[in-house]
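Chemist: So here's run_32.csv (CSV, C-alpha atoms).
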chain,number,residue,atom,x,y,z
C,794,MET,CA,-36.9,-0.1,-10.8
C,795,ILE,CA,-34.6,1.5,-8.2
C,796,GLU,CA,-35.3,5.2,-7.6
C,797,LEU,CA,-32.5,7.2,-6.1
C,798,GLU,CA,-34.1,10.5,-5.1
C,799,GLY,CA,-31.6,13.1,-3.7
C,800,VAL,CA,-28.5,11.4,-5.1
C,801,PRO,CA,-26.9,13.7,-7.7
C,802,GLU,CA,-25.3,12.5,-11.0
C,803,LEU,CA,-22.1,10.9,-10.0
C,804,ILE,CA,-18.6,11.5,-11.5
C,805,ASP,CA,-16.7,8.4,-12.6
C,806,PRO,CA,-18.1,6.4,-9.7
C,807,VAL,CA,-16.4,3.3,-8.3
C,808,MET,CA,-18.3,1.0,-5.9
C,809,VAL,CA,-16.2,-0.2,-2.9
C,810,ALA,CA,-17.8,-3.0,-0.9
C,811,ALA,CA,-17.0,-5.0,2.2
C,812,PHE,CA,-19.0,-7.4,4.3
C,813,GLU,CA,-18.6,-8.5,7.9
C,814,GLY,CA,-18.4,-12.2,8.5
C,815,TRP,CA,-16.5,-15.1,6.9
C,816,ASN,CA,-14.5,-12.9,4.5
C,817,ASP,CA,-13.5,-10.3,7.0
C,818,ALA,CA,-10.6,-11.6,9.2
C,819,GLY,CA,-9.8,-9.1,12.0
C,820,ASP,CA,-12.6,-6.9,10.6
C,821,ALA,CA,-9.9,-5.5,8.3
C,822,ALA,CA,-12.1,-5.1,5.2
C,823,SER,CA,-15.2,-3.7,6.8
C,824,THR,CA,-13.1,-1.3,8.8
C,825,ALA,CA,-11.5,0.0,5.6
C,826,VAL,CA,-14.8,0.9,4.1
C,827,ALA,CA,-15.9,2.5,7.4
C,828,HIS,CA,-12.7,4.5,7.3
C,829,LEU,CA,-13.5,5.8,3.8
C,830,ASP,CA,-17.1,6.6,4.9
C,831,ARG,CA,-15.9,8.5,7.9
C,832,GLU,CA,-13.0,10.4,6.3
C,833,TRP,CA,-15.0,11.6,3.3
C,834,LYS,CA,-18.3,12.1,5.3
C,835,GLY,CA,-20.6,9.9,3.5
C,836,GLU,CA,-24.3,9.4,4.5
C,837,VAL,CA,-26.4,6.4,3.9
C,838,PHE,CA,-28.8,6.9,1.0
C,839,ALA,CA,-30.2,3.4,0.6
C,840,ALA,CA,-30.4,0.2,2.7
C,841,LEU,CA,-31.5,-3.3,1.7
C,842,ASP,CA,-34.5,-4.8,3.4
C,843,ALA,CA,-33.2,-6.8,6.3
C,844,GLU,CA,-36.2,-9.1,6.2
C,845,ASP,CA,-35.1,-10.4,2.8
C,846,TYR,CA,-31.6,-11.4,3.5
C,847,TYR,CA,-30.9,-11.9,7.2
C,848,ASP,CA,-31.6,-14.6,9.8
C,849,PHE,CA,-32.1,-12.5,13.0
C,850,GLN,CA,-31.2,-15.5,15.2
C,851,VAL,CA,-27.8,-15.4,13.5
C,852,ASN,CA,-27.4,-11.7,13.2
C,853,ARG,CA,-29.5,-10.2,15.9
C,854,PRO,CA,-30.9,-6.6,15.9
C,855,THR,CA,-29.7,-4.3,18.7
C,856,VAL,CA,-31.8,-2.0,20.9
C,857,TRP,CA,-30.5,1.4,22.0
C,858,LEU,CA,-31.8,4.5,23.6
C,859,ASP,CA,-32.1,7.9,21.8
C,860,GLY,CA,-33.0,10.6,24.3
C,861,GLY,CA,-34.9,8.1,26.4
C,862,VAL,CA,-36.7,6.6,23.4
C,863,ARG,CA,-35.9,2.9,22.6
C,864,LYS,CA,-34.9,2.2,19.0
C,865,ILE,CA,-33.9,-0.8,17.0
C,866,THR,CA,-31.0,-1.2,14.5
C,867,TRP,CA,-31.5,-4.1,12.1
C,868,PRO,CA,-28.6,-5.9,10.6
C,869,THR,CA,-28.5,-5.1,6.9
C,870,THR,CA,-26.3,-3.7,4.1
C,871,ARG,CA,-26.2,0.1,3.5
C,872,LEU,CA,-25.0,2.3,0.7
C,873,SER,CA,-23.5,5.7,0.8
C,874,VAL,CA,-21.8,8.1,-1.6
C,875,VAL,CA,-18.8,10.2,-1.0
C,876,ARG,CA,-17.3,12.8,-3.4
C,877,VAL,CA,-13.5,13.2,-3.5
C,878,GLY,CA,-12.5,16.6,-4.7
C,879,GLY,CA,-9.3,18.0,-6.3
C,880,GLU,CA,-8.4,18.6,-9.9
C,881,LYS,CA,-10.2,15.5,-11.0
C,882,PRO,CA,-13.1,14.9,-8.6
C,883,ARG,CA,-14.8,11.6,-8.6
C,884,ASP,CA,-17.4,9.7,-6.5
C,885,LEU,CA,-17.2,6.5,-4.5
C,886,VAL,CA,-20.3,4.4,-3.7
C,887,LEU,CA,-19.6,2.6,-0.4
C,888,VAL,CA,-21.3,-0.6,0.4
C,889,ARG,CA,-21.1,-1.7,4.1
C,890,GLY,CA,-23.0,-4.6,5.5
C,891,ILE,CA,-23.0,-8.1,6.9
C,892,GLU,CA,-22.7,-11.3,4.8
C,893,PRO,CA,-26.4,-12.2,4.1
C,894,SER,CA,-27.9,-15.4,5.6
C,895,MET,CA,-30.0,-16.2,2.5
C,896,ARG,CA,-31.0,-15.3,-1.1
C,897,TRP,CA,-27.5,-14.4,-2.2
C,898,ARG,CA,-28.4,-14.2,-5.9
C,899,SER,CA,-31.2,-11.7,-5.2
C,900,PHE,CA,-28.8,-9.8,-2.8
C,901,CYS,CA,-26.2,-9.4,-5.6
C,902,ASN,CA,-28.8,-8.5,-8.2
C,903,GLU,CA,-30.1,-5.7,-5.9
C,904,LEU,CA,-26.6,-4.3,-5.4
C,905,LEU,CA,-26.0,-4.5,-9.2
C,906,GLY,CA,-29.3,-2.6,-9.7
C,907,PHE,CA,-27.9,0.3,-7.7
C,908,ALA,CA,-24.6,0.1,-9.6
C,909,HIS,CA,-26.4,0.3,-12.9
C,910,GLU,CA,-28.6,3.2,-11.9
C,911,LEU,CA,-25.6,5.1,-10.5
C,912,GLY,CA,-23.4,4.5,-13.5
C,913,VAL,CA,-20.7,2.6,-11.6
C,914,GLU,CA,-17.7,2.0,-13.7
C,915,MET,CA,-16.0,-0.7,-11.6
C,916,VAL,CA,-16.7,-2.6,-8.4
C,917,VAL,CA,-13.9,-3.2,-5.9
C,918,ILE,CA,-14.7,-5.8,-3.1
C,919,LEU,CA,-12.4,-5.9,-0.1
C,920,GLY,CA,-11.8,-9.1,1.9
C,921,ALA,CA,-9.4,-10.4,4.6
C,922,LEU,CA,-8.4,-14.0,5.4
C,923,LEU,CA,-6.4,-15.7,8.1
C,924,GLY,CA,-2.9,-17.0,7.1
C,925,ASP,CA,0.5,-18.2,8.1
C,926,THR,CA,2.0,-14.7,7.7
C,927,PRO,CA,4.1,-13.0,10.4
C,928,HIS,CA,2.8,-9.8,12.0
C,929,THR,CA,6.3,-8.2,11.7
C,930,ARG,CA,6.2,-8.1,7.9
C,931,PRO,CA,4.2,-6.0,5.4
C,932,VAL,CA,0.6,-7.4,5.1
C,933,PRO,CA,0.3,-9.3,1.8
C,934,VAL,CA,-2.6,-8.0,-0.3
C,935,SER,CA,-3.7,-9.9,-3.4
C,936,GLY,CA,-5.7,-8.4,-6.3
C,937,VAL,CA,-7.7,-10.8,-8.4
C,938,THR,CA,-10.4,-10.6,-11.0
C,939,SER,CA,-12.5,-13.0,-13.2
C,940,ASP,CA,-12.0,-10.6,-16.2
C,941,PRO,CA,-9.0,-11.5,-18.3
C,942,ASP,CA,-8.9,-8.1,-20.0
C,943,LEU,CA,-9.1,-6.3,-16.6
C,944,ALA,CA,-6.3,-8.6,-15.3
C,945,ARG,CA,-4.1,-7.6,-18.2
C,946,THR,CA,-4.8,-3.8,-18.1
C,947,MET,CA,-4.6,-3.5,-14.3
C,948,ASP,CA,-1.8,-5.9,-13.6
C,949,LEU,CA,-4.0,-8.3,-11.6
C,950,GLU,CA,-4.3,-12.1,-11.4
C,951,GLU,CA,-7.1,-14.1,-12.8
C,952,THR,CA,-8.8,-16.1,-10.1
C,953,ARG,CA,-8.4,-19.9,-10.3
C,954,TYR,CA,-10.1,-20.7,-7.1
C,955,GLU,CA,-12.4,-23.7,-6.8
C,956,GLY,CA,-14.3,-24.6,-3.6
C,957,PRO,CA,-16.6,-23.1,-1.0
C,958,THR,CA,-16.9,-19.3,-1.2
C,959,GLY,CA,-18.4,-16.3,0.6
C,960,ILE,CA,-20.4,-13.4,-0.6
C,961,VAL,CA,-17.3,-11.7,-1.9
C,962,GLY,CA,-16.8,-14.4,-4.4
C,963,ILE,CA,-20.5,-14.5,-5.3
C,964,LEU,CA,-20.7,-10.8,-5.9
C,965,GLN,CA,-17.6,-10.7,-8.0
C,966,GLU,CA,-19.0,-13.5,-10.3
C,967,ALA,CA,-22.3,-11.7,-10.4
C,968,CYS,CA,-20.5,-8.5,-11.6
C,969,THR,CA,-18.6,-10.5,-14.2
C,970,HIS,CA,-21.8,-12.1,-15.6
C,971,ALA,CA,-23.5,-8.6,-15.7
C,972,GLY,CA,-20.5,-7.1,-17.6
C,973,VAL,CA,-19.4,-4.9,-14.7
C,974,PRO,CA,-15.6,-4.8,-14.2
C,975,ALA,CA,-14.9,-6.2,-10.7
C,976,VAL,CA,-11.8,-6.7,-8.6
C,977,SER,CA,-11.3,-8.3,-5.2
C,978,LEU,CA,-8.5,-7.2,-2.9
C,979,TRP,CA,-7.5,-9.7,-0.2
C,980,ALA,CA,-5.4,-9.0,2.9
C,981,ALA,CA,-3.8,-11.8,4.8
C,982,VAL,CA,-4.1,-11.5,8.6
C,983,PRO,CA,-1.8,-13.5,11.0
C,984,HIS,CA,-3.9,-16.4,12.3
C,985,TYR,CA,-2.2,-16.4,15.7
C,986,VAL,CA,-3.5,-12.9,16.4
C,987,SER,CA,-6.8,-12.9,14.6
C,988,GLN,CA,-9.1,-10.9,16.9
C,989,PRO,CA,-10.3,-7.5,15.6
C,990,PRO,CA,-9.3,-4.8,15.1
C,991,ASN,CA,-6.3,-5.2,12.8
C,992,PRO,CA,-5.4,-1.7,11.7
C,993,LYS,CA,-2.2,-2.9,9.9
C,994,ALA,CA,-4.3,-5.1,7.6
C,995,THR,CA,-6.8,-2.3,7.1
C,996,LEU,CA,-4.0,0.1,6.2
C,997,ALA,CA,-2.6,-2.3,3.7
C,998,LEU,CA,-6.0,-2.7,2.0
C,999,LEU,CA,-6.4,1.1,1.7
C,1000,ASN,CA,-2.9,1.5,0.3
C,1001,ARG,CA,-3.7,-1.1,-2.4
C,1002,LEU,CA,-7.0,0.5,-3.1
C,1003,GLU,CA,-5.2,3.9,-3.6
C,1004,ASP,CA,-3.0,2.3,-6.3
C,1005,LEU,CA,-5.9,0.5,-8.0
C,1006,ILE,CA,-8.2,3.5,-8.4
C,1007,ASP,CA,-5.5,6.2,-8.5
C,1008,LEU,CA,-7.0,8.1,-5.6
C,1009,ARG,CA,-5.3,9.6,-2.5
C,1010,ILE,CA,-6.9,8.4,0.7
C,1011,PRO,CA,-6.5,10.4,3.9
C,1012,LEU,CA,-5.3,7.9,6.5
C,1013,GLY,CA,-5.8,9.9,9.6
C,1014,GLU,CA,-4.4,8.1,12.6
C,1015,LEU,CA,-4.5,4.7,11.0
C,1016,ALA,CA,-0.7,4.4,10.5
C,1017,GLU,CA,-0.2,5.2,14.2
C,1018,ASP,CA,-2.8,2.6,15.2
C,1019,ALA,CA,-1.0,0.1,13.0
C,1020,ARG,CA,2.3,0.7,14.7
C,1021,ALA,CA,0.7,0.5,18.2
C,1022,TRP,CA,-0.9,-2.8,17.2
C,1023,GLN,CA,2.4,-4.3,16.0
C,1024,LEU,CA,4.2,-3.2,19.2
C,1025,GLY,CA,1.5,-4.9,21.2
C,1026,VAL,CA,1.9,-8.2,19.4
C,1027,ASP,CA,5.7,-7.9,19.6
C,1028,GLN,CA,5.3,-7.6,23.4
C,1029,LEU,CA,3.1,-10.7,23.6
C,1030,ALA,CA,5.4,-12.7,21.4
C,1031,SER,CA,8.4,-11.8,23.5
C,1032,GLU,CA,6.6,-13.1,26.6
C,1033,ASP,CA,6.1,-16.6,25.1
C,1034,SER,CA,9.1,-18.4,23.8
C,1035,GLU,CA,7.0,-20.8,21.7
C,1036,VAL,CA,5.1,-18.0,20.0
C,1037,ALA,CA,8.4,-16.1,19.4
C,1038,GLU,CA,9.9,-19.2,17.8
C,1039,TYR,CA,6.9,-19.7,15.6
C,1040,VAL,CA,6.9,-16.0,14.5
C,1041,GLN,CA,10.6,-16.4,13.6
C,1042,THR,CA,9.8,-19.5,11.5
C,1043,LEU,CA,7.1,-17.5,9.6
C,1044,GLU,CA,9.5,-14.6,9.1
C,1045,GLU,CA,12.2,-16.9,7.6
C,1046,ALA,CA,9.7,-18.6,5.3
C,1047,ARG,CA,8.3,-15.2,4.2
C,1048,ASP,CA,11.7,-13.7,3.5
C,1049,THR,CA,12.8,-16.7,1.5
C,1050,ALA,CA,9.7,-16.6,-0.6
C,1051,GLU,CA,10.1,-12.9,-1.3
C,1052,LEU,CA,13.8,-13.1,-2.4
C,1053,PRO,CA,12.9,-13.0,-6.1
C,1054,GLU,CA,10.9,-9.7,-5.4
C,1055,ALA,CA,14.1,-7.9,-4.4
C,1056,SER,CA,14.6,-6.8,-7.9
C,1057,GLY,CA,15.2,-3.4,-9.5
C,1058,GLU,CA,11.6,-3.4,-10.9
C,1059,ALA,CA,10.1,-4.1,-7.5
C,1060,ILE,CA,12.2,-1.4,-5.9
C,1061,ALA,CA,11.2,1.1,-8.7
C,1062,ARG,CA,7.5,0.4,-8.1
C,1063,GLU,CA,7.9,1.1,-4.4
C,1064,PHE,CA,9.8,4.3,-5.1
C,1065,GLU,CA,7.1,5.5,-7.4
C,1066,ARG,CA,4.5,4.8,-4.7
C,1067,TYR,CA,6.6,6.8,-2.2
C,1068,LEU,CA,6.8,9.8,-4.6
C,1069,ARG,CA,3.0,9.7,-5.2
C,1070,ARG,CA,2.4,9.8,-1.4
C,1071,ARG,CA,5.0,12.6,-0.9
C,1072,ASP,CA,3.8,14.8,-3.7
C,1073,GLY,CA,0.1,14.0,-3.5
C,1074,GLY,CA,-2.3,12.6,-6.0
C,1075,PRO,CA,-5.9,13.0,-7.1
C,1076,GLY,CA,-8.0,14.2,-4.2
C,1077,GLN,CA,-5.2,15.3,-2.0
C,1078,GLY,CA,-4.8,18.7,-0.6
C,1079,PRO,CA,-2.1,20.3,1.5
C,1080,GLY,CA,-0.9,18.2,4.4
C,1081,GLY,CA,-1.9,15.0,2.7
C,1082,HIS,CA,-5.7,15.3,3.3
C,1083,ALA,CA,-8.4,15.0,0.7
C,1084,THR,CA,-9.7,18.3,-0.7
C,1085,GLU,CA,-13.4,18.8,-1.2
C,1086,ALA,CA,-15.4,20.0,-4.2
C,1087,GLY,CA,-17.9,22.7,-3.4
C,1088,ASP,CA,-19.2,22.0,0.1
C,1089,GLY,CA,-17.4,18.7,-0.1
C,1090,SER,CA,-20.3,16.6,1.3
C,1091,TYR,CA,-23.7,16.6,-0.3
C,1092,LEU,CA,-24.3,13.6,2.0
C,1093,ARG,CA,-23.2,13.7,5.6
C,1094,ASP,CA,-22.3,11.0,8.1
C,1095,THR,CA,-23.0,11.4,11.8
C,1096,ALA,CA,-21.9,7.9,12.8
C,1097,GLY,CA,-18.4,6.6,13.1
C,1098,GLY,CA,-15.5,7.2,15.5
C,1099,ARG,CA,-12.1,5.7,15.5
C,1100,THR,CA,-11.6,2.5,17.4
C,1101,LYS,CA,-8.3,2.3,19.3
C,1102,PRO,CA,-6.7,-1.1,18.9
C,1103,PRO,CA,-6.7,-3.1,22.1
C,1104,LYS,CA,-3.7,-5.0,23.3
C,1105,PRO,CA,-3.8,-8.3,21.2
C,1106,GLN,CA,-4.7,-11.4,23.1
C,1107,ARG,CA,-2.4,-14.4,23.0
C,1108,ALA,CA,-3.6,-17.1,20.6
C,1109,GLU,CA,-2.3,-20.5,19.9
C,1110,HIS,CA,-0.6,-20.8,16.6
C,1111,GLY,CA,-2.9,-23.5,15.4
C,1112,THR,CA,-6.0,-21.3,15.4
C,1113,ASP,CA,-9.0,-22.4,13.4
C,1114,GLY,CA,-7.5,-25.7,12.3
C,1115,SER,CA,-4.8,-26.2,9.7
C,1116,GLU,CA,-4.2,-24.4,6.4
C,1117,ASP,CA,-3.5,-26.4,3.3
C,1118,ASP,CA,0.0,-26.7,1.9
C,1119,ASP,CA,-0.4,-23.8,-0.6
C,1120,SER,CA,-1.5,-21.3,2.1
C,1121,ALA,CA,1.3,-22.5,4.4
C,1122,ARG,CA,3.8,-21.7,1.7
C,1123,ASP,CA,2.6,-18.1,1.1
C,1124,GLY,CA,1.3,-17.1,4.5
C,1125,SER,CA,-2.5,-16.9,3.8
C,1126,SER,CA,-5.5,-18.9,4.7
C,1127,GLY,CA,-9.2,-18.3,4.4
C,1128,SER,CA,-11.0,-18.1,7.8
C,1129,THR,CA,-12.2,-14.8,9.2
C,1130,GLY,CA,-11.9,-15.2,13.0
C,1131,PRO,CA,-11.2,-17.4,15.9
C,1132,SER,CA,-14.8,-18.6,16.1
C,1133,GLY,CA,-15.5,-18.7,12.4
C,1134,PRO,CA,-15.7,-21.6,10.0
C,1135,PRO,CA,-12.7,-23.7,9.0
C,1136,PRO,CA,-10.1,-21.9,6.9
C,1137,GLU,CA,-11.1,-21.6,3.3
C,1138,SER,CA,-7.5,-22.2,2.3
C,1139,PRO,CA,-8.0,-22.3,-1.5
C,1140,GLU,CA,-9.0,-18.6,-1.2
C,1141,SER,CA,-5.5,-17.8,-0.3
C,1142,PRO,CA,-2.9,-16.6,-2.7
C,1143,GLU,CA,-0.5,-19.3,-3.7
C,1144,SER,CA,2.5,-17.0,-3.3
C,1145,PRO,CA,2.9,-13.3,-2.3
C,1146,ASP,CA,3.5,-12.6,-6.0
C,1147,SER,CA,0.9,-14.9,-7.5
C,1148,PRO,CA,-2.5,-14.5,-5.9
C,1149,GLU,CA,-4.3,-16.3,-8.7
C,1150,SER,CA,-6.0,-18.8,-6.4
C,1151,SER,CA,-7.3,-16.1,-4.0
C,1152,GLU,CA,-11.0,-15.9,-3.6
C,1153,ASP,CA,-12.6,-13.2,-5.8
Please re-express this file's structure in structure tokens.
Modeler:
Amino acid sequence: MIELEGVPELIDPVMVAAFEGWNDAGDAASTAVAHLDREWKGEVFAALDAEDYYDFQVNRPTVWLDGGVRKITWPTTRLSVVRVGGEKPRDLVLVRGIEPSMRWRSFCNELLGFAHELGVEMVVILGALLGDTPHTRPVPVSGVTSDPDLARTMDLEETRYEGPTGIVGILQEACTHAGVPAVSLWAAVPHYVSQPPNPKATLALLNRLEDLIDLRIPLGELAEDARAWQLGVDQLASEDSEVAEYVQTLEEARDTAELPEASGEAIAREFERYLRRRDGGPGQGPGGHATEAGDGSYLRDTAGGRTKPPKPQRAEHGTDGSEDDDSARDGSSGSTGPSGPPPESPESPESPDSPESSED
């Protein structure tokens, strides 16, 4: 039995999770959850036992000084709660951690135990993958689910992926088998500039999350960071003719693939999004920032701090091996970093409009 002392009864809670590692290209997904935790001042109320799930030779603990006293931080997964105020307040349960080294089924069961005790209505798992997508275009974000009813009601794609998977896929299937509605949101990160951070991909994930759960997210300086990141990559590309030519090839392929999307219906959807952002939505106060219910933070976060994006390093456009034909067509592949495993290409959406083969 999981006992959650000090956590009040939650209002329409949604669990939002992200894990560092294989499914976190450019740290885009984990940074998105960290942004939510920082902006809405969450505080950790539970942590999984690191001894149960992590190989400390793979994910090593860190030693730090606190007023001259040496302390150790162990790699694990932590949960916090944030309350978003406004006319219709609701709560988010944020899960931040590292992909576990072992006992994945027990790991997912423990998270689902927290979800059950907290009355979570839906689980949203964020992920990011490397792909053949140009940095100059909007970041493709695919929404997939294993639940056909959820796919129909929320305009998502049912996953059709088969092959190796990460903790994101395992957790989504665990939710499905437990009867908990679950959605995965995947951002595609340009594989030729894969080092973290990638604020543009983080921003795209948060924008899609806003639409999914109908909640206004304060973005702070994230939009400015995203513009600075793109300008830095533009400069690097302009200094290397081969990279510039490759980016142009990706742009042409992307623009050709998206021609069918230049429809009245697509334009109407984007205009509705613009109006929501201009007029404000649930949880938004004056100036586009989240309002707070009561004291606004019954749990408080003392960690965090915005990371300024460094100037991107030049990378060869064949990073991490080759993507399969499907991911080459749509600009997505499934590795999470320049030193990570080979691309999990089937986890990529088959097209910008049809992410049915994305990993869940």
Chemist: In Å, rounded to a single decimal, give me how far CA of Arg889 (chain C) is from CA of Ala1019 (chain C).
Modeler: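 CA of Arg889 (chain C) lies at a distance of 22.1 Å from CA of Ala1019 (chain C).
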Chemist: For each of C:Glu914, C:Asp948, C:Asp1048, C:Glu836, take the minimum atom-to-atom distance to Asp1004 (chain C), counting all atoms listed in the file, then give the residue where this is smallest.
Modeler: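 Smallest distance to Asp1004 (chain C) is found for C:Asp948.
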Chemist: Excluding Arg1001 (chain C) and any residue of its chain fewer than 3 positions from it, enumerate the residues within 9 Å of it, using only C-alpha atoms, and give them as a list of chain:residue names.
Modeler: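 Within the cut-off, the hits are C:Val934, C:Ser935, C:Gly936, C:Leu978, C:Leu996, C:Ala997, C:Leu998, C:Asp1004, C:Leu1005, C:Ile1006.
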Chemist: Using all atoms listed in the file, which of C:Ala994, C:Leu1015, C:Leu905, C:Ala843 sits nearest Thr969 (chain C)?
Modeler: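 For Thr969 (chain C), the nearest of the candidates is C:Leu905.
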Chemist: For Val851 (chain C), which of C:Met895, C:Met947, C:Ile795, C:Ala811 is the closest residue, counting all atoms listed in the file?
Modeler: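 Among the listed residues, the smallest separation from Val851 (chain C) belongs to C:Met895.
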Chemist: List every protein, DNA or RNA residue that has at least one atom no more than 12 Å from (-22.4, -5.6, 0.4) in the file's coordinates, counting all atoms listed in the file, and write the result as a ChimeraX atom specification.
Modeler: /C:808-814,816,822-823,826,839-841,846,868-873,886-893,897,900-905,907-908,916-920,959-965
Chemist: What is the distance between CA of Val973 (chain C) and CA of Pro1011 (chain C), in Å to one decimal?
Modeler: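 Separating CA of Val973 (chain C) from CA of Pro1011 (chain C) is a distance of 27.3 Å.
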Chemist: Have region 800-813 of chain C completed to N, CA and C atoms, please, and pass it along as a short mmCIF file (atom, residue, chain, number, x, y, z; two decimals), in the coordinates of the input.
Modeler:
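Contents of result_7.cif, as written:
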data_model
loop_
_atom_site.label_atom_id
_atom_site.label_comp_id
_atom_site.auth_asym_id
_atom_site.auth_seq_id
_atom_site.Cartn_x
_atom_site.Cartn_y
_atom_site.Cartn_z
N VAL C 800 -29.91 11.75 -4.78
CA VAL C 800 -28.50 11.40 -5.10
C VAL C 800 -28.21 12.10 -6.46
N PRO C 801 -27.24 13.01 -6.50
CA PRO C 801 -26.90 13.70 -7.70
C PRO C 801 -26.24 12.79 -8.74
N GLU C 802 -26.08 13.28 -9.95
CA GLU C 802 -25.30 12.50 -11.00
C GLU C 802 -23.90 12.39 -10.50
N LEU C 803 -23.38 11.17 -10.56
CA LEU C 803 -22.10 10.90 -10.00
C LEU C 803 -20.97 11.05 -11.08
N ILE C 804 -19.77 11.32 -10.61
CA ILE C 804 -18.60 11.50 -11.50
C ILE C 804 -17.71 10.30 -11.42
N ASP C 805 -17.56 9.59 -12.53
CA ASP C 805 -16.70 8.40 -12.60
C ASP C 805 -16.78 7.53 -11.40
N PRO C 806 -17.98 7.08 -11.03
CA PRO C 806 -18.10 6.40 -9.70
C PRO C 806 -17.51 4.98 -9.73
N VAL C 807 -16.92 4.63 -8.60
CA VAL C 807 -16.40 3.30 -8.30
C VAL C 807 -17.14 2.81 -7.06
N MET C 808 -17.65 1.58 -7.10
CA MET C 808 -18.30 1.00 -5.90
C MET C 808 -17.26 0.22 -5.13
N VAL C 809 -17.15 0.51 -3.83
CA VAL C 809 -16.20 -0.20 -2.90
C VAL C 809 -17.06 -0.87 -1.86
N ALA C 810 -16.93 -2.21 -1.75
CA ALA C 810 -17.80 -3.00 -0.90
C ALA C 810 -16.98 -3.84 0.09
N ALA C 811 -17.53 -4.07 1.27
CA ALA C 811 -17.00 -5.00 2.20
C ALA C 811 -18.09 -5.53 3.12
N PHE C 812 -17.95 -6.77 3.56
CA PHE C 812 -19.00 -7.40 4.30
C PHE C 812 -18.40 -8.09 5.56
N GLU C 813 -19.02 -7.84 6.70
CA GLU C 813 -18.60 -8.50 7.90
C GLU C 813 -18.93 -10.00 7.82
#
